[in-house]
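Shown next: start_7.cif, given as mmCIF, C-alpha atoms.
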```
data_run
loop_
_atom_site.label_atom_id
_atom_site.label_comp_id
_atom_site.auth_asym_id
_atom_site.auth_seq_id
_atom_site.Cartn_x
_atom_site.Cartn_y
_atom_site.Cartn_z
CA MET A 24 92.15 -46.72 89.75
CA ILE A 25 91.75 -42.96 89.41
CA PRO A 26 93.58 -41.44 86.42
CA ILE A 27 94.70 -37.81 86.68
CA PHE A 28 95.79 -36.13 83.46
CA ILE A 29 98.14 -33.21 84.06
CA GLY A 30 97.94 -30.95 81.04
CA SER A 31 98.53 -27.37 80.00
CA ASN A 32 97.95 -24.94 77.17
CA ASN A 33 101.55 -23.83 76.85
CA ALA A 34 104.96 -25.47 77.07
CA TYR A 35 107.17 -25.18 80.16
CA SER A 36 104.22 -24.51 82.42
CA GLY A 37 105.58 -26.75 85.18
CA LYS A 38 103.58 -29.95 84.58
CA THR A 39 106.43 -32.24 85.56
CA SER A 40 107.14 -30.47 88.84
CA VAL A 41 103.44 -30.65 89.76
CA ALA A 42 103.36 -34.34 88.78
CA LEU A 43 106.41 -35.07 90.93
CA GLY A 44 104.97 -33.25 93.90
CA LEU A 45 101.60 -35.01 93.60
CA ILE A 46 103.19 -38.45 93.27
CA LEU A 47 105.29 -37.90 96.38
CA LYS A 48 102.36 -36.49 98.34
CA LEU A 49 100.03 -39.34 97.37
CA LYS A 50 102.69 -41.95 98.17
CA GLU A 51 103.22 -40.25 101.52
CA LYS A 52 99.50 -40.77 102.23
CA GLY A 53 99.88 -44.48 101.54
CA TYR A 54 98.41 -44.68 98.05
CA LYS A 55 99.78 -46.83 95.25
CA VAL A 56 100.71 -44.37 92.51
CA ALA A 57 101.92 -44.84 88.94
CA TYR A 58 103.21 -42.33 86.41
CA MET A 59 102.80 -42.44 82.66
CA LYS A 60 104.10 -40.25 79.83
CA PRO A 61 102.04 -41.21 76.75
CA LEU A 62 103.93 -38.95 74.33
CA GLY A 63 107.65 -38.43 74.87
CA LYS A 64 109.61 -35.94 72.80
CA THR A 65 113.06 -36.11 74.40
CA PRO A 66 114.29 -39.65 73.76
CA VAL A 67 116.92 -41.38 75.90
CA LYS A 68 118.24 -44.90 75.49
CA ARG A 69 117.98 -47.59 78.12
CA GLY A 70 119.47 -50.75 76.74
CA LYS A 71 118.32 -51.18 73.16
CA ASP A 72 115.11 -49.21 73.56
CA VAL A 73 114.21 -45.52 73.60
CA TYR A 74 112.03 -43.87 76.23
CA ALA A 75 110.93 -40.37 77.26
CA ALA A 76 113.58 -38.61 79.35
CA ASP A 77 111.01 -37.29 81.85
CA ALA A 78 109.58 -40.77 82.35
CA VAL A 79 113.02 -42.31 82.88
CA PHE A 80 113.97 -39.63 85.39
CA ILE A 81 110.74 -39.98 87.39
CA LYS A 82 110.90 -43.78 87.44
CA GLU A 83 114.53 -43.88 88.52
CA SER A 84 114.34 -41.00 90.98
CA LEU A 85 111.14 -42.11 92.71
CA GLY A 86 111.80 -45.84 92.47
CA LEU A 87 108.57 -46.60 90.62
CA PRO A 88 108.23 -50.36 90.05
CA ASP A 89 106.47 -50.36 86.69
CA PRO A 90 108.57 -51.12 83.59
CA LEU A 91 109.63 -48.31 81.29
CA ASN A 92 107.67 -49.63 78.32
CA ILE A 93 104.51 -48.98 80.35
CA ILE A 94 105.58 -45.66 81.85
CA SER A 95 106.78 -44.44 78.44
CA PRO A 96 104.86 -46.36 75.74
CA PHE A 97 105.62 -44.02 72.82
CA VAL A 98 108.40 -41.55 71.99
CA LEU A 99 108.30 -39.24 69.01
CA THR A 100 111.51 -39.53 67.00
CA TYR A 101 112.48 -38.60 63.48
CA GLU A 102 112.16 -42.26 62.55
CA SER A 103 108.64 -42.67 63.98
CA GLN A 104 107.50 -39.48 62.28
CA THR A 105 108.89 -40.67 58.93
CA LEU A 106 107.16 -44.04 59.34
CA LEU A 107 103.89 -42.25 60.04
CA PHE A 108 104.16 -40.19 56.86
CA GLN A 109 104.87 -43.39 54.93
CA GLY A 110 101.81 -45.07 56.40
CA LYS A 111 103.93 -47.67 58.20
CA ILE A 112 103.05 -46.77 61.78
CA ARG A 113 99.59 -47.34 63.19
CA ASP A 114 97.78 -48.00 66.43
CA VAL A 115 99.88 -45.70 68.60
CA LYS A 116 96.78 -44.95 70.65
CA LYS A 117 96.11 -48.66 71.11
CA LYS A 118 99.65 -49.16 72.38
CA VAL A 119 99.26 -46.29 74.85
CA ILE A 120 95.87 -47.44 76.12
CA ASN A 121 97.07 -51.03 76.53
CA ALA A 122 99.97 -49.75 78.66
CA PHE A 123 97.55 -47.63 80.69
CA ARG A 124 95.31 -50.61 81.42
CA LEU A 125 98.22 -52.55 82.88
CA LEU A 126 98.25 -50.01 85.72
CA LYS A 127 94.74 -50.92 86.88
CA ASP A 128 95.96 -52.15 90.28
CA LYS A 129 97.10 -48.63 91.27
CA ASP A 130 95.06 -46.19 93.34
CA PHE A 131 96.13 -43.27 91.14
CA VAL A 132 97.76 -42.98 87.74
CA ILE A 133 99.36 -39.60 87.01
CA ILE A 134 99.41 -39.03 83.24
CA GLY A 135 101.86 -36.39 82.04
CA GLY A 136 100.56 -34.37 79.12
CA ALA A 137 102.46 -32.90 76.19
CA ALA A 138 103.10 -29.22 75.48
CA ASP A 139 99.41 -28.39 74.97
CA LEU A 140 96.03 -30.07 74.66
CA PHE A 141 96.40 -30.72 70.93
CA GLU A 142 99.94 -32.03 70.55
CA GLY A 143 99.95 -35.68 69.50
CA ALA A 144 96.73 -35.44 67.48
CA ILE A 145 98.54 -36.77 64.42
CA PHE A 146 98.99 -40.04 66.36
CA ASN A 147 95.53 -39.77 67.97
CA ILE A 148 97.10 -39.39 71.43
CA ASP A 149 96.41 -35.72 72.03
CA ALA A 150 95.19 -34.71 75.49
CA LEU A 151 91.54 -34.45 74.44
CA SER A 152 91.55 -38.01 73.06
CA LEU A 153 93.42 -39.53 75.98
CA ILE A 154 91.32 -37.82 78.64
CA GLU A 155 88.21 -39.19 76.92
CA GLU A 156 89.62 -42.70 76.44
CA THR A 157 91.04 -43.10 79.95
CA LYS A 158 88.15 -41.26 81.66
CA ALA A 159 90.77 -39.17 83.41
CA HIS A 160 90.26 -36.10 85.55
CA ALA A 161 92.12 -33.18 83.98
CA LEU A 162 94.26 -30.93 86.15
CA ILE A 163 95.50 -28.01 84.06
CA VAL A 164 98.75 -26.28 85.04
CA GLU A 165 98.89 -22.75 83.70
CA GLN A 166 101.96 -20.53 83.78
CA TRP A 167 100.82 -17.09 84.94
CA ARG A 168 100.41 -14.88 81.87
CA GLY A 169 97.96 -12.31 83.15
CA GLU A 170 94.47 -12.33 81.68
CA ILE A 171 95.60 -14.91 79.08
CA SER A 172 95.77 -17.45 81.91
CA MET A 173 92.15 -16.79 82.77
CA ASP A 174 91.16 -17.11 79.09
CA SER A 175 93.06 -20.39 78.96
CA PHE A 176 91.19 -21.88 81.92
CA LEU A 177 87.80 -20.73 80.66
CA CYS A 178 88.33 -22.20 77.18
CA THR A 179 89.65 -25.44 78.66
CA GLN A 180 86.50 -25.65 80.76
CA LYS A 181 84.43 -25.34 77.56
CA LEU A 182 86.51 -28.02 75.80
CA LEU A 183 86.62 -30.59 78.58
CA GLY A 184 83.37 -29.99 80.41
CA LYS A 185 82.99 -32.19 83.49
CA LYS A 186 86.34 -33.85 82.82
CA PHE A 187 88.06 -30.57 83.77
CA LEU A 188 88.74 -31.03 87.47
CA GLY A 189 90.43 -27.69 88.03
CA GLY A 190 93.72 -25.91 87.71
CA ALA A 191 96.90 -24.64 89.27
CA LEU A 192 98.57 -21.33 88.51
CA ASN A 193 102.34 -21.63 88.35
CA LYS A 194 105.38 -19.35 88.09
CA VAL A 195 103.60 -16.35 89.57
CA PRO A 196 106.07 -13.48 90.24
CA ASP A 197 106.36 -12.46 93.89
CA SER A 198 105.15 -8.97 93.02
CA THR A 199 101.89 -10.43 91.67
CA LEU A 200 101.36 -13.32 94.09
CA SER A 201 99.06 -11.51 96.53
CA TYR A 202 96.93 -10.13 93.67
CA VAL A 203 96.55 -13.57 92.10
CA LYS A 204 95.59 -15.20 95.39
CA LYS A 205 93.19 -12.50 96.61
CA ILE A 206 91.64 -11.26 93.34
CA VAL A 207 92.22 -13.69 90.46
CA ARG A 208 91.64 -16.94 92.32
CA PRO A 209 88.23 -15.92 93.77
CA PHE A 210 87.20 -14.59 90.35
CA MET A 211 88.01 -17.94 88.70
CA GLU A 212 86.22 -19.84 91.46
CA LYS A 213 83.07 -17.80 90.80
CA LYS A 214 83.35 -18.91 87.17
CA GLY A 215 83.19 -22.52 88.36
CA ILE A 216 86.92 -23.22 88.02
CA LYS A 217 88.60 -24.72 91.05
CA ILE A 218 92.11 -23.38 91.59
CA PHE A 219 93.85 -25.95 93.79
CA GLY A 220 97.18 -24.15 93.96
CA VAL A 221 98.95 -20.87 93.24
CA PHE A 222 102.69 -21.46 93.01
CA PRO A 223 105.23 -18.63 93.11
CA ARG A 224 108.01 -18.45 90.56
CA ASP A 225 110.78 -20.62 91.98
CA SER A 226 114.41 -19.95 91.13
CA ILE A 227 115.51 -23.50 91.94
CA LEU A 228 112.94 -25.21 89.72
CA GLU A 229 113.78 -22.83 86.89
CA ALA A 230 117.53 -23.10 87.39
CA ILE A 231 119.89 -24.87 85.02
CA THR A 232 123.04 -26.73 85.95
CA VAL A 233 126.46 -25.51 84.87
CA GLY A 234 126.92 -28.75 82.93
CA HIS A 235 123.65 -28.36 81.04
CA LEU A 236 124.46 -24.74 80.30
CA ASN A 237 127.81 -25.82 78.86
CA GLU A 238 126.08 -28.39 76.63
CA ILE A 239 123.68 -25.77 75.28
CA LEU A 240 126.53 -23.37 74.53
CA ASN A 241 128.75 -26.12 73.12
CA GLY A 242 131.50 -24.78 75.34
CA LYS A 243 134.73 -26.12 76.75
CA ILE A 244 135.22 -26.49 80.50
CA LEU A 245 138.61 -25.06 81.50
CA CYS A 246 138.52 -25.95 85.20
CA CYS A 247 136.42 -27.19 88.12
CA GLU A 248 134.72 -30.10 86.33
CA ASP A 249 133.49 -31.29 89.74
CA LYS A 250 131.17 -28.27 90.00
CA LEU A 251 129.05 -28.93 86.91
CA ASP A 252 126.02 -29.96 88.97
CA GLU A 253 125.76 -26.52 90.59
CA PHE A 254 122.57 -24.60 89.77
CA VAL A 255 122.64 -21.34 87.82
CA GLU A 256 119.61 -19.24 88.78
CA ASN A 257 120.55 -15.92 87.12
CA PHE A 258 123.02 -14.47 84.66
CA SER A 259 124.80 -11.17 84.26
CA ILE A 260 126.77 -9.58 81.44
CA GLY A 261 130.19 -8.23 82.34
CA ALA A 262 130.64 -5.44 79.80
CA MET A 263 130.97 -2.39 82.04
CA ASP A 264 133.69 -0.91 84.24
CA VAL A 265 134.83 -2.97 87.23
CA ALA A 266 133.25 -0.78 89.92
CA SER A 267 129.83 -0.88 88.27
CA ALA A 268 130.17 -4.59 87.58
CA LEU A 269 131.02 -5.39 91.19
CA ASN A 270 128.00 -3.46 92.46
CA ILE A 271 125.74 -5.41 90.10
CA PHE A 272 127.39 -8.78 90.80
CA LYS A 273 126.85 -8.36 94.55
CA ARG A 274 123.10 -8.09 94.03
CA ILE A 275 122.70 -11.20 91.84
CA PRO A 276 123.07 -14.58 93.57
CA ASN A 277 123.98 -17.94 92.02
CA LYS A 278 124.70 -16.47 88.63
CA ALA A 279 126.60 -17.14 85.45
CA VAL A 280 128.70 -14.18 84.31
CA ILE A 281 129.16 -13.74 80.56
CA THR A 282 132.12 -11.66 79.52
CA GLY A 283 134.93 -11.47 76.98
CA ALA A 284 137.93 -13.70 77.58
CA HIS A 285 140.13 -10.58 77.62
CA ARG A 286 138.24 -8.98 80.55
CA ALA A 287 140.37 -10.35 83.40
CA ASP A 288 139.22 -7.48 85.63
CA ILE A 289 135.56 -8.48 85.27
CA GLN A 290 136.37 -12.13 85.80
CA LEU A 291 138.21 -11.41 89.06
CA ALA A 292 135.35 -9.21 90.26
CA ALA A 293 132.83 -11.95 89.51
CA MET A 294 134.82 -14.45 91.57
CA GLU A 295 134.40 -12.28 94.66
CA THR A 296 130.60 -12.65 94.52
CA SER A 297 128.02 -15.46 94.33
CA THR A 298 129.03 -16.82 90.92
CA ARG A 299 128.37 -20.37 89.72
CA CYS A 300 130.41 -20.12 86.52
CA ILE A 301 132.06 -17.62 84.18
CA ILE A 302 131.42 -17.89 80.46
CA LEU A 303 134.26 -16.52 78.35
CA THR A 304 133.16 -15.47 74.88
CA GLY A 305 135.15 -15.09 71.67
CA GLY A 306 136.97 -18.43 71.76
CA LEU A 307 140.04 -17.13 73.60
CA TYR A 308 141.47 -18.57 76.81
CA PRO A 309 142.22 -16.59 79.98
CA ASN A 310 145.68 -16.40 81.51
CA GLU A 311 146.98 -18.84 84.12
CA ILE A 312 146.31 -16.39 86.96
CA ILE A 313 142.59 -16.36 86.17
CA ILE A 314 142.45 -20.15 85.86
CA GLY A 315 144.30 -20.57 89.15
CA LYS A 316 141.98 -18.13 90.92
CA ALA A 317 138.90 -19.89 89.53
CA GLN A 318 140.23 -23.24 90.69
CA SER A 319 140.82 -21.94 94.20
CA LYS A 320 137.28 -20.49 94.31
CA GLY A 321 135.67 -23.58 92.76
CA ILE A 322 134.14 -21.58 89.89
CA PRO A 323 134.08 -23.31 86.47
CA LEU A 324 135.34 -21.33 83.48
CA ILE A 325 133.57 -22.08 80.20
CA SER A 326 135.08 -21.00 76.88
CA VAL A 327 132.67 -20.48 73.96
CA THR A 328 133.40 -19.43 70.40
CA GLU A 329 130.40 -17.10 69.96
CA ASP A 330 130.36 -13.42 70.83
CA THR A 331 128.72 -12.12 74.00
CA PHE A 332 125.37 -11.16 72.44
CA THR A 333 124.92 -14.50 70.68
CA THR A 334 125.78 -16.31 73.92
CA VAL A 335 123.26 -14.22 75.86
CA ASP A 336 120.55 -15.01 73.30
CA ARG A 337 121.18 -18.72 73.74
CA ILE A 338 121.04 -18.50 77.51
CA GLU A 339 117.86 -16.41 77.46
CA SER A 340 116.21 -19.04 75.29
CA VAL A 341 116.60 -21.69 78.00
CA MET A 342 116.44 -19.83 81.32
CA GLY A 343 113.12 -20.59 83.00
CA LYS A 344 112.58 -23.54 80.65
CA ALA A 345 114.89 -26.05 82.28
CA ARG A 346 113.26 -29.45 82.62
CA ILE A 347 113.36 -31.26 85.93
CA ARG A 348 116.15 -33.76 85.52
CA GLU A 349 117.99 -33.17 88.81
CA LYS A 350 117.17 -34.85 92.10
CA GLU A 351 117.62 -31.59 94.02
CA LYS A 352 114.51 -30.22 92.32
CA ILE A 353 112.32 -33.08 93.48
CA ASN A 354 112.28 -31.94 97.11
CA ARG A 355 111.45 -28.40 96.02
CA ALA A 356 108.48 -29.65 93.97
CA LYS A 357 107.21 -31.57 97.00
CA GLN A 358 107.66 -28.51 99.23
CA LEU A 359 105.55 -26.39 96.88
CA ILE A 360 102.76 -28.98 96.84
CA ASP A 361 102.89 -29.18 100.65
CA LYS A 362 102.69 -25.42 101.04
CA GLU A 363 100.57 -24.15 98.16
CA PHE A 364 98.35 -27.02 96.94
CA ASP A 365 94.96 -27.80 98.54
CA MET A 366 95.39 -31.57 98.64
CA LYS A 367 92.31 -32.20 100.78
CA ARG A 368 90.03 -30.37 98.36
CA PHE A 369 91.75 -32.02 95.40
CA LEU A 370 91.10 -35.53 96.71
CA GLU A 371 87.52 -34.68 97.63
CA SER A 372 86.93 -33.38 94.09
CA LEU A 373 88.23 -36.63 92.61
CA LYS A 374 85.61 -38.62 94.52
CA LYS A 375 82.64 -36.60 93.28
#
```

As structure tokens, please, write out the structure in this file.
Amino acid sequence: MIPIFIGSNNAYSGKTSVALGLILKLKEKGYKVAYMKPLGKTPVKRGKDVYAADAVFIKESLGLPDPLNIISPFVLTYESQTLLFQGKIRDVKKKVINAFRLLKDKDFVIIGGAADLFEGAIFNIDALSLIEETKAHALIVEQWRGEISMDSFLCTQKLLGKKFLGGALNKVPDSTLSYVKKIVRPFMEKKGIKIFGVFPRDSILEAITVGHLNEILNGKILCCEDKLDEFVENFSIGAMDVASALNIFKRIPNKAVITGAHRADIQLAAMETSTRCIILTGGLYPNEIIIGKAQSKGIPLISVTEDTFTTVDRIESVMGKARIREKEKINRAKQLIDKEFDMKRFLESLKK
């Protein structure tokens, strides 16, 4: 069994998408592969028990045979944190390691890390401890942040030593992609850091569904409930004159348009372009003509009580941070691994 710990030094780096792609690629090559999420922070119920949402999604989507209590041995909840402070919860690490050892018949075990290398230290299940205990090879996924990304890799190399297998740079803007591949990657390689993949920023993987967006905004769906699984990749504010708005809307695909409920002109203009949903701010409802038009176009209308600027702030806080919980994103993750990840070199490095 070869354990591979997928970690990062910042949240929303794309660890789960890389894990998904690697699992699918390894299974495609005929290997027996398991996934494990030692520290879950988004609990979901299955029966009477609570598991990590990422772990549940990966198990159910990929048809992994191992039970959830092994794939997700520990989930941080308010209750578990309180018990820790009261001295009533112990041996979390032992529970995690025991679950890990039950996967010994697999060729590879992909271990999904937390937000950074230190999260979970209070339970003794931080990345540094788990990599040491499981003798895992660490693959670090770093969201491109300029020279900070290079600093991150170099410091990780100092922390992990030989356990640091290498890295992948993720969410690289198209305008920077050539520079990263031709200049940054060779520079890091000369520093002794293997860069197995450079992944461009991907609008699908960063997209959020209309339904999830509605949940975040605590809105009310006024029509087209059957379209809530559509992906929103961009957003635009409709606060200008109609002619200017239409010119902008035509250039932005698969978007959510945020505008006041009274701006029927903007709403009609948005419906003539690639719009996934229209968010109506201020708590008011549109007239029946607007609702009828939206129904005919298949564009959900979402009514929210907040003003436009508050709504925009909420959306900006989640765009690009959407977790992979939709099956449509799985294929995209696999495509990126196929195209941009040096699988041959990766497997050879694991054997050394």

Would you pick out the contacts of region 88-105 of chain A at 7 Å or less, using only C-alpha atoms, so that residues sharing its chain but fewer than 4 positions from it are not included, and give the list as number ranges by chain?
A: 58-64, 66, 74-75, 78, 109, 118-119, 122

Set the distance at 8 Å and use all atoms listed in the file: which residues neighbour region 292-302 of chain A once local chain neighbours fewer than 2 positions away are removed? I'd like the list as an MDAnalysis selection string.
chainID A and resid 233 253:255 265 268:269 272:273 275:282 288:290 304 317 320 322:327

The PyMOL selection byres ((chain A and resi 40) around 10) resolved against shown file, as a compact mmCIF listing (two decimals) with C-alpha atoms, keeping the file's coordinate frame:
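Resulting contents of selection-v9.txt:
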```
# COMPACT_ATOMS: atom_id res chain seq x y z
CA SER A 36 104.22 -24.51 82.42
CA GLY A 37 105.58 -26.75 85.18
CA LYS A 38 103.58 -29.95 84.58
CA THR A 39 106.43 -32.24 85.56
CA VAL A 41 103.44 -30.65 89.76
CA ALA A 42 103.36 -34.34 88.78
CA LEU A 43 106.41 -35.07 90.93
CA GLY A 44 104.97 -33.25 93.90
CA LEU A 45 101.60 -35.01 93.60
CA ILE A 46 103.19 -38.45 93.27
CA LEU A 228 112.94 -25.21 89.72
CA ARG A 346 113.26 -29.45 82.62
CA ILE A 347 113.36 -31.26 85.93
CA LYS A 352 114.51 -30.22 92.32
CA ILE A 353 112.32 -33.08 93.48
CA ASN A 354 112.28 -31.94 97.11
CA ARG A 355 111.45 -28.40 96.02
CA ALA A 356 108.48 -29.65 93.97
CA LYS A 357 107.21 -31.57 97.00
CA LEU A 359 105.55 -26.39 96.88
CA ILE A 360 102.76 -28.98 96.84
```

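Against the coordinates shown, the PyMOL selection byres ((chain A and resi 328-344) around 6) returns A:Tyr35, A:Glu229, A:Thr304, A:Gly305, A:Gly306, A:Val327, A:Ala345.
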
Which residues match the PyMOL selection byres ((chain A and resi 50-52) around 12) in the file above, as a VMD selection string?
chain A and resid 43 to 49 53 to 58 85 to 87 129 to 133 357 361 366 to 367 370

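A straight line drawn from CA of Val67 (chain A) to CA of Glu83 (chain A) is 13.1 Å long.
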
With a distance cut-off of 7 Å and all atoms listed in the file, select the neighbouring residues of Lys116 (chain A), excluding the residue or stretch itself and same-chain residues fewer than 6 positions from it, and output the selection as number ranges by chain.
A: 146-148

Name all residues at most 12 Å from Glu156 (chain A) (count all atoms listed in the file; drop same-chain ones fewer than 2 positions away) and give them as number ranges by chain.
A: 26, 28, 116-117, 119-121, 123-124, 147-154, 158-160, 186

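Omitting Asn33 (chain A) and its sequence neighbours fewer than 6 positions away, and counting all atoms listed in the file, the residues within 12 Å are Gly136, Ala137, Ala138, Asp139, Leu140, Phe141, Glu142, Ile163, Val164, Glu165, Gln166, Trp167, Arg168, Ile171, Ser172, Ser175, Phe176, Asn193 and Lys344 of chain A.
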
Based on the selection just made, write C-alpha atoms of those residues as a tab-separated table (two decimals), in the coordinates of the input.
```
chain	number	residue	atom	x	y	z
A	136	GLY	CA	100.56	-34.37	79.12
A	137	ALA	CA	102.46	-32.90	76.19
A	138	ALA	CA	103.10	-29.22	75.48
A	139	ASP	CA	99.41	-28.39	74.97
A	140	LEU	CA	96.03	-30.07	74.66
A	141	PHE	CA	96.40	-30.72	70.93
A	142	GLU	CA	99.94	-32.03	70.55
A	163	ILE	CA	95.50	-28.01	84.06
A	164	VAL	CA	98.75	-26.28	85.04
A	165	GLU	CA	98.89	-22.75	83.70
A	166	GLN	CA	101.96	-20.53	83.78
A	167	TRP	CA	100.82	-17.09	84.94
A	168	ARG	CA	100.41	-14.88	81.87
A	171	ILE	CA	95.60	-14.91	79.08
A	172	SER	CA	95.77	-17.45	81.91
A	175	SER	CA	93.06	-20.39	78.96
A	176	PHE	CA	91.19	-21.88	81.92
A	193	ASN	CA	102.34	-21.63	88.35
A	344	LYS	CA	112.58	-23.54	80.65
```

Would you mind reading off the distance between CA of Val115 (chain A) and CA of Lys181 (chain A), one decimal, in Å?
27.1 Å

Check the smallest atom-to-atom distance from each of A:Ala191, A:Arg286, A:Asn310, A:Asp114 to Glu212 (chain A) using all atoms listed in the file, then report the winner.
A:Ala191

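Nearest residue to His285 (chain A), choosing from A:Leu303, A:Val79, A:Leu192, A:Ile227 and counting only C-alpha atoms: A:Leu303.
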
Quick one: what's the axis-aligned box for region 246-252 of chain A, all listed atoms, 5 Å on every side, centre and edges in Å to one decimal, as lines of an AutoDock Vina configuration file?
```
center_x = 132.3
center_y = -28.6
center_z = 87.6
size_x = 22.5
size_y = 15.3
size_z = 14.8
```

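We find CA of Phe80 (chain A) and CA of Lys68 (chain A) to be spaced 12.0 Å apart.
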